[in-house]
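What follows is the content of model26.cif, which has mmCIF, C-alpha atoms:
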data_upload
loop_
_atom_site.label_atom_id
_atom_site.label_comp_id
_atom_site.auth_asym_id
_atom_site.auth_seq_id
_atom_site.Cartn_x
_atom_site.Cartn_y
_atom_site.Cartn_z
CA MET Z 1 78.85 150.99 144.09
CA GLU Z 2 75.29 151.36 145.26
CA ILE Z 3 76.30 154.00 147.87
CA GLY Z 4 77.31 156.50 145.21
CA ARG Z 5 74.63 155.56 142.76
CA TYR Z 6 72.22 158.38 143.64
CA HIS Z 7 72.95 162.06 144.21
CA TRP Z 8 70.64 163.49 146.94
CA MET Z 9 69.85 167.21 147.07
CA TYR Z 10 70.47 169.20 150.22
CA PRO Z 11 67.61 169.62 152.73
CA GLY Z 12 67.40 173.32 151.92
CA SER Z 13 66.19 172.74 148.41
CA LYS Z 14 62.55 172.99 147.50
CA ASN Z 15 61.91 169.48 146.42
CA HIS Z 16 63.80 166.64 147.90
CA GLN Z 17 64.52 164.69 144.73
CA TYR Z 18 67.38 162.50 143.63
CA HIS Z 19 68.96 162.27 140.24
CA PRO Z 20 70.58 159.06 139.07
CA VAL Z 21 74.24 159.36 138.19
CA PRO Z 22 75.35 156.91 135.47
CA THR Z 23 78.10 154.63 136.61
CA GLN Z 24 80.78 152.88 134.61
CA GLY Z 25 78.73 149.71 134.45
CA ASP Z 26 75.77 151.67 133.00
CA ARG Z 27 77.94 153.19 130.28
CA ALA Z 28 79.49 149.85 129.28
CA GLY Z 29 78.02 147.80 126.49
CA PRO Z 30 76.69 144.28 126.75
CA LEU Z 31 79.86 142.83 125.17
CA SER Z 32 82.09 144.19 127.92
CA SER Z 33 80.72 142.01 130.68
CA PRO Z 34 83.46 140.72 132.96
CA GLY Z 35 84.69 137.23 132.27
CA CYS Z 36 83.79 137.09 128.55
CA PHE Z 37 87.36 137.58 127.35
CA GLU Z 38 88.70 135.11 129.88
CA CYS Z 39 86.08 132.55 128.80
CA CYS Z 40 87.09 132.91 125.15
CA ILE Z 41 90.76 132.50 125.98
CA LYS Z 42 89.95 129.45 128.09
CA CYS Z 43 87.96 127.86 125.25
CA LEU Z 44 90.71 128.55 122.72
CA GLY Z 45 93.23 127.05 125.11
CA GLY Z 46 91.25 123.81 125.19
CA VAL Z 47 91.57 123.21 121.43
CA PRO Z 48 94.09 120.44 120.59
CA TYR Z 49 95.77 122.29 117.72
CA ALA Z 50 98.13 119.42 116.91
CA SER Z 51 95.22 116.99 116.47
CA LEU Z 52 93.32 119.62 114.50
CA VAL Z 53 96.21 120.12 112.05
CA ALA Z 54 96.66 116.36 111.68
CA THR Z 55 92.92 115.90 111.04
CA ILE Z 56 92.86 118.60 108.34
CA LEU Z 57 95.95 117.10 106.70
CA CYS Z 58 94.44 113.61 106.86
CA PHE Z 59 91.12 114.74 105.36
CA SER Z 60 92.91 116.64 102.60
CA GLY Z 61 95.20 113.73 101.73
CA VAL Z 62 92.42 111.14 101.69
CA ALA Z 63 90.18 113.43 99.64
CA LEU Z 64 92.90 114.03 97.04
CA PHE Z 65 93.80 110.36 96.83
CA CYS Z 66 90.22 109.09 96.60
CA GLY Z 67 88.82 111.78 94.30
CA CYS Z 68 91.73 112.05 91.88
CA GLY Z 69 92.44 108.32 91.96
CA HIS Z 70 88.84 107.45 91.09
CA VAL Z 71 88.75 109.75 88.05
CA ALA Z 72 92.26 108.74 86.93
CA LEU Z 73 91.35 105.04 87.00
CA ALA Z 74 88.33 105.68 84.80
CA GLY Z 75 90.51 107.62 82.34
CA THR Z 76 93.07 104.82 82.29
CA VAL Z 77 90.42 102.26 81.33
CA ALA Z 78 89.25 104.55 78.51
CA ILE Z 79 92.82 104.90 77.15
CA LEU Z 80 93.38 101.13 77.25
CA GLU Z 81 90.08 100.34 75.53
CA GLN Z 82 90.56 102.90 72.77
CA HIS Z 83 94.25 102.42 71.94
CA PHE Z 84 96.07 99.49 73.56
CA SER Z 85 93.48 96.71 73.87
CA THR Z 86 90.60 96.85 71.41
CA ASN Z 87 89.33 93.39 72.39
CA ALA Z 88 87.22 93.61 75.55
CA SER Z 89 88.08 90.08 76.66
CA ASP Z 90 91.79 90.94 76.84
CA HIS Z 91 91.34 93.54 79.56
CA ALA Z 92 88.21 92.15 81.24
CA LEU Z 93 90.12 91.19 84.39
CA LEU Z 94 91.77 94.61 84.56
CA SER Z 95 88.39 96.32 84.25
CA GLU Z 96 87.00 94.26 87.11
CA VAL Z 97 90.03 95.05 89.29
CA ILE Z 98 89.75 98.76 88.57
CA GLN Z 99 86.03 98.70 89.34
CA LEU Z 100 86.77 96.93 92.62
CA MET Z 101 89.42 99.52 93.45
CA GLN Z 102 86.90 102.29 92.87
CA TYR Z 103 84.55 100.69 95.40
CA VAL Z 104 87.46 100.34 97.82
CA ILE Z 105 88.12 104.07 97.40
CA TYR Z 106 84.55 104.78 98.56
CA GLY Z 107 85.15 102.68 101.66
CA ILE Z 108 88.50 104.34 102.39
CA ALA Z 109 86.95 107.80 102.17
CA SER Z 110 84.09 106.88 104.52
CA PHE Z 111 86.32 105.10 107.04
CA PHE Z 112 88.91 107.85 107.31
CA PHE Z 113 86.25 110.55 107.61
CA LEU Z 114 84.90 108.75 110.67
CA TYR Z 115 88.33 107.79 112.01
CA GLY Z 116 89.64 111.35 111.73
CA ILE Z 117 86.68 112.69 113.72
CA ILE Z 118 87.22 110.01 116.39
CA LEU Z 119 90.91 110.88 116.71
CA LEU Z 120 90.08 114.58 116.92
CA ALA Z 121 87.55 113.90 119.68
CA GLU Z 122 90.12 111.74 121.47
CA GLY Z 123 92.55 114.65 121.24
CA PHE Z 124 89.99 116.98 122.83
CA TYR Z 125 89.49 114.69 125.80
CA THR Z 126 93.11 113.76 126.45
CA THR Z 127 94.98 117.05 126.13
CA SER Z 128 95.94 118.74 129.36
CA ALA Z 129 94.16 121.97 128.37
CA VAL Z 130 90.76 120.25 128.23
CA LYS Z 131 91.42 118.50 131.53
CA GLU Z 132 92.02 121.86 133.17
CA LEU Z 133 88.77 123.17 131.68
CA HIS Z 134 86.70 120.38 133.18
CA GLY Z 135 88.24 120.68 136.61
CA GLU Z 136 89.33 117.53 138.44
CA PHE Z 137 90.33 114.81 136.02
CA LYS Z 138 90.27 111.11 136.80
CA THR Z 139 91.60 108.56 134.37
CA THR Z 140 90.44 104.95 134.21
CA ALA Z 141 91.93 101.72 132.94
CA CYS Z 142 89.34 101.68 130.15
CA GLY Z 143 90.43 105.13 128.96
CA ARG Z 144 94.08 104.11 128.90
CA CYS Z 145 93.19 100.93 127.03
CA ILE Z 146 91.28 102.91 124.39
CA SER Z 147 94.20 105.30 123.94
CA GLY Z 148 96.59 102.36 123.54
CA MET Z 149 94.23 100.78 121.00
CA PHE Z 150 94.24 104.00 118.95
CA VAL Z 151 98.05 104.04 119.00
CA PHE Z 152 98.21 100.47 117.68
CA LEU Z 153 95.50 101.02 115.06
CA THR Z 154 97.09 104.25 113.80
CA TYR Z 155 100.45 102.49 113.53
CA VAL Z 156 98.91 99.70 111.44
CA LEU Z 157 97.11 102.21 109.21
CA GLY Z 158 100.32 104.18 108.76
CA VAL Z 159 102.18 101.07 107.57
CA ALA Z 160 99.29 100.24 105.24
CA TRP Z 161 99.29 103.74 103.77
CA LEU Z 162 103.01 103.47 103.13
CA GLY Z 163 102.14 100.55 100.85
CA VAL Z 164 99.34 102.58 99.25
CA PHE Z 165 101.76 105.44 98.66
CA GLY Z 166 104.22 103.12 96.95
CA PHE Z 167 101.45 101.50 94.90
CA SER Z 168 100.13 104.88 93.76
CA ALA Z 169 103.57 105.73 92.38
CA VAL Z 170 103.36 102.83 89.84
CA PRO Z 171 100.83 104.48 87.47
CA VAL Z 172 102.75 107.75 87.77
CA PHE Z 173 105.86 105.91 86.61
CA MET Z 174 103.98 104.32 83.69
CA PHE Z 175 102.44 107.57 82.51
CA TYR Z 176 105.76 109.33 82.90
CA ASN Z 177 107.44 106.80 80.63
CA ILE Z 178 104.75 107.29 77.99
CA TRP Z 179 104.95 111.07 78.31
CA SER Z 180 108.77 111.10 78.06
CA THR Z 181 108.56 108.91 74.94
CA CYS Z 182 106.14 111.37 73.39
CA GLU Z 183 108.51 114.21 74.21
CA VAL Z 184 111.26 112.36 72.36
CA ILE Z 185 108.97 112.04 69.33
CA LYS Z 186 108.15 115.76 69.47
CA SER Z 187 111.78 116.83 69.77
CA PRO Z 188 113.33 118.56 66.69
CA GLN Z 189 116.02 115.89 66.41
CA THR Z 190 113.51 113.11 65.71
CA ASN Z 191 110.43 114.99 64.42
CA GLY Z 192 109.86 114.34 60.71
CA THR Z 193 112.47 111.61 60.43
CA ALA Z 194 111.93 107.99 59.47
CA GLY Z 195 113.05 106.81 62.92
CA VAL Z 196 109.97 108.29 64.59
CA GLU Z 197 107.83 105.27 63.72
CA GLN Z 198 110.34 103.02 65.46
CA ILE Z 199 109.83 104.74 68.83
CA CYS Z 200 107.19 102.67 70.58
CA VAL Z 201 105.55 102.03 73.94
CA ASP Z 202 104.51 98.49 74.78
CA ILE Z 203 102.01 98.64 77.63
CA ARG Z 204 102.05 94.84 77.94
CA GLN Z 205 105.46 94.90 79.61
CA TYR Z 206 103.90 96.43 82.72
CA GLY Z 207 101.70 93.37 83.19
CA ILE Z 208 98.37 95.20 83.25
CA ILE Z 209 97.16 93.48 80.05
CA PRO Z 210 98.14 90.01 78.71
CA TRP Z 211 100.79 89.53 76.04
CA ASN Z 212 98.24 88.39 73.48
CA ALA Z 213 96.35 91.69 73.70
CA PHE Z 214 96.07 93.57 70.41
CA PRO Z 215 97.65 95.92 69.51
CA GLY Z 216 99.39 96.31 72.88
CA LYS Z 217 102.15 98.42 71.32
CA ILE Z 218 101.76 101.94 69.89
CA CYS Z 219 104.47 103.67 67.87
CA GLY Z 220 105.29 106.99 66.25
CA SER Z 221 102.57 109.47 65.39
CA ALA Z 222 99.84 107.26 66.89
CA LEU Z 223 101.60 107.44 70.25
CA GLU Z 224 101.91 111.20 69.90
CA ASN Z 225 98.18 111.46 69.28
CA ILE Z 226 97.51 109.53 72.49
CA CYS Z 227 99.64 111.96 74.48
CA ASN Z 228 97.65 114.87 73.04
CA THR Z 229 94.29 113.52 74.23
CA ASN Z 230 92.52 114.96 77.26
CA GLU Z 231 92.21 111.51 78.84
CA PHE Z 232 95.96 111.04 78.94
CA TYR Z 233 96.66 114.58 80.18
CA MET Z 234 94.06 114.43 82.94
CA SER Z 235 94.88 110.88 84.05
CA TYR Z 236 98.60 111.61 84.25
CA HIS Z 237 98.21 114.71 86.41
CA LEU Z 238 95.45 113.18 88.54
CA PHE Z 239 97.66 110.20 89.34
CA ILE Z 240 100.38 112.65 90.45
CA VAL Z 241 97.92 114.45 92.74
CA ALA Z 242 96.61 111.13 94.09
CA CYS Z 243 100.17 110.05 94.90
CA ALA Z 244 100.76 113.37 96.68
CA GLY Z 245 97.51 112.86 98.63
CA ALA Z 246 98.67 109.41 99.74
CA GLY Z 247 101.95 110.95 100.93
CA ALA Z 248 100.05 113.64 102.84
CA THR Z 249 97.94 110.95 104.50
CA VAL Z 250 101.08 109.10 105.60
CA ILE Z 251 102.43 112.31 107.14
CA ALA Z 252 99.09 112.92 108.89
CA LEU Z 253 99.06 109.40 110.36
CA ILE Z 254 102.63 109.80 111.60
CA HIS Z 255 101.56 113.08 113.20
CA PHE Z 256 98.56 111.34 114.79
CA LEU Z 257 100.84 108.58 116.06
CA MET Z 258 103.09 111.07 117.85
CA ILE Z 259 100.07 112.84 119.36
CA LEU Z 260 98.44 109.62 120.54
CA SER Z 261 101.69 108.34 122.02
CA SER Z 262 102.17 111.53 124.03
CA ASN Z 263 98.53 111.45 125.18
CA TRP Z 264 98.87 107.83 126.25
CA ALA Z 265 102.01 108.67 128.23
CA TYR Z 266 100.15 111.56 129.86
CA LEU Z 267 97.27 109.28 130.83
CA LYS Z 268 99.72 106.78 132.31
CA ASP Z 269 101.40 109.48 134.40
CA ALA Z 270 98.03 110.92 135.38
CA SER Z 271 96.85 107.53 136.63
CA LYS Z 272 99.97 107.18 138.81
CA MET Z 273 99.48 110.69 140.18
CA GLN Z 274 95.83 109.95 140.84
CA ALA Z 275 96.72 106.79 142.79
CA TYR Z 276 99.29 108.73 144.80
CA GLN Z 277 96.79 111.48 145.62
CA ASP Z 278 94.16 108.92 146.68
CA ILE Z 279 96.62 107.21 149.03
CA LYS Z 280 97.73 110.57 150.42
CA ALA Z 281 94.15 111.70 151.00
CA LYS Z 282 93.36 108.40 152.72
CA GLU Z 283 96.36 108.72 155.02
CA GLU Z 284 95.46 112.31 155.89
CA GLN Z 285 91.92 111.25 156.66
CA GLU Z 286 93.15 108.45 158.92
CA LEU Z 287 95.49 110.90 160.67
CA GLN Z 288 92.63 113.31 161.29
CA ASP Z 289 90.48 110.49 162.64
CA ILE Z 290 93.25 109.46 165.05
CA GLN Z 291 93.70 113.05 166.23
CA SER Z 292 89.97 113.51 166.76
CA ARG Z 293 89.70 110.28 168.76
CA SER Z 294 92.69 111.25 170.91
CA LYS Z 295 91.10 114.62 171.65
CA GLU Z 296 87.86 112.92 172.62
CA GLN Z 297 89.69 110.60 174.99
CA LEU Z 298 91.53 113.54 176.60
CA ASN Z 299 88.28 115.37 177.04
CA SER Z 300 86.71 112.35 178.63
CA TYR Z 301 89.49 112.15 181.23
CA THR Z 302 89.23 115.84 182.15
#
When written as structure tokens, how does the structure in this file appear?
Amino acid sequence: MEIGRYHWMYPGSKNHQYHPVPTQGDRAGPLSSPGCFECCIKCLGGVPYASLVATILCFSGVALFCGCGHVALAGTVAILEQHFSTNASDHALLSEVIQLMQYVIYGIASFFFLYGIILLAEGFYTTSAVKELHGEFKTTACGRCISGMFVFLTYVLGVAWLGVFGFSAVPVFMFYNIWSTCEVIKSPQTNGTAGVEQICVDIRQYGIIPWNAFPGKICGSALENICNTNEFYMSYHLFIVACAGAGATVIALIHFLMILSSNWAYLKDASKMQAYQDIKAKEEQELQDIQSRSKEQLNSYT
């Protein structure tokens, strides 16, 4: 307090001087100003952690699917051109489809980067913690409509990504069949025997290249050599990671759907509460006006 800030000497002393006495505020550092800790806690309380976790999971899943899928598709084309279809005209359509899918991957990555940021921002502005930070909150019909639109769009994207997840499991199944066949060739029971050359993989049965493609079928030691190449090893494992990324994206979209649904329900309840408070405030104002007019009339009579 300012009253005890200075220590005055008694009148009997020679020189009437005062000596400043350091207070607790003078000894405290600049970081110990009151309200700093409360401000930090208030800011941390306004973070929508559920939306933040869903956004990180969505970004991670989309990044794994797009990055690994793009490289795995390029490796698959190299394996087909070198071993299963030496004639370029036989797999020309497949090459065009794979190139188109790579461009689609670029679009998916860009779209979900933007969409994830939008959903995170929507989470910031619709959680109850942020509403308390900004004081009085008033919802509008436009805000509720936007929240409902995000719920519908996220539901559609979730269903679409379920299809993507199932589609990404197809190359994993194909590469697994080739890998398991190579493991049979490498096993001690069949290694070095005449029956090894009769163990084959016909890639044409999967429908990715036409039946007239040459050679289309690889057997025995040639198939084992394919499994030992870096292209096969990398493509197989990258397709597995891409499939896992698609599954993570599906989980993230389901998480987003639950968050958006709860936020939309909160906005709906908040709008009803806001309408009730407006009606109540209007009635109280009318009651006060009636009371003031009655007092004025009484005063006029007296």
Figure out the distance between atom CA of Z:Met258 and atom CA of Z:Phe167, please, to one decimal in Å.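 Calculated distance between atom CA of Z:Phe167 and atom CA of Z:Met258 is 24.9 Å.
Distances from Z:Leu257, Z:Ala88, Z:Ala78, Z:Ile105 to Z:Pro210 were compared using all atoms listed in the file, and the smallest one belongs to Z:Ala88.
Taking atom CA of Z:Phe256 and atom CA of Z:Leu64 as endpoints, the distance between them is 18.8 Å.
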Please evaluate the PyMOL selection byres ((chain Z and resi 112-122) around 7) against the displayed coordinates and give the resulting residues as a list of chain:residue names.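 For this structure, the PyMOL selection byres ((chain Z and resi 112-122) around 7) captures Z:Ser51, Z:Leu52, Z:Thr55, Z:Phe59, Z:Ile108, Z:Ala109, Z:Ser110, Z:Phe111, Z:Gly123, Z:Phe124, Z:Tyr125, Z:Thr126.
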So which one's closest to Z:Ala74, Z:Val164, Z:Ile208, Z:Ile98, Z:Val156? Using all atoms listed in the file, please. Z:Ile98
With distances taken over all atoms listed in the file, the candidate from Z:Lys272, Z:His237, Z:Arg293, Z:Arg144 nearest Z:Leu260 is Z:Arg144
Output check: residues returned by the PyMOL selection byres ((chain Z and resi 231) around 12), as a ChimeraX atom specification: /Z:71-83,175,225-230,232-239
Env of Z:Asp202: 9 Å cut, atoms = all atoms listed in the file, seq-sep filter 3 positions within chain, self excluded. Answer as a list of chain:residue names. Z:Phe84, Z:Gln205, Z:Tyr206, Z:Gly216, Z:Lys217, Z:Ile218, Z:Cys219
Would you mind reading off the distance between atom CA of Z:Cys182 and atom CA of Z:Ile203, one decimal, in Å? 14.0 Å
Name the residues that the PyMOL selection byres ((chain Z and resi 166) around 12) picks from the file above, as JSON, numbers by chain, using the file's chain letters and numbers. {"Z": [159, 160, 161, 162, 163, 164, 165, 167, 168, 169, 170, 171, 172, 173, 242, 243, 244, 245, 246, 247, 250]}
Closest of Z:Ala92, Z:Val97, Z:Leu223, Z:Cys66 to Z:Trp179 - atom-to-atom distances counting all atoms listed in the file: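 Under the stated criterion, the closest residue is Z:Leu223.
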Proximity to Z:Leu157 - best of Z:Leu100, Z:Ile209, Z:Val241, Z:Ile251, all atoms listed in the file: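 Counting all atoms listed in the file, the residue closest to Z:Leu157 is Z:Ile251.
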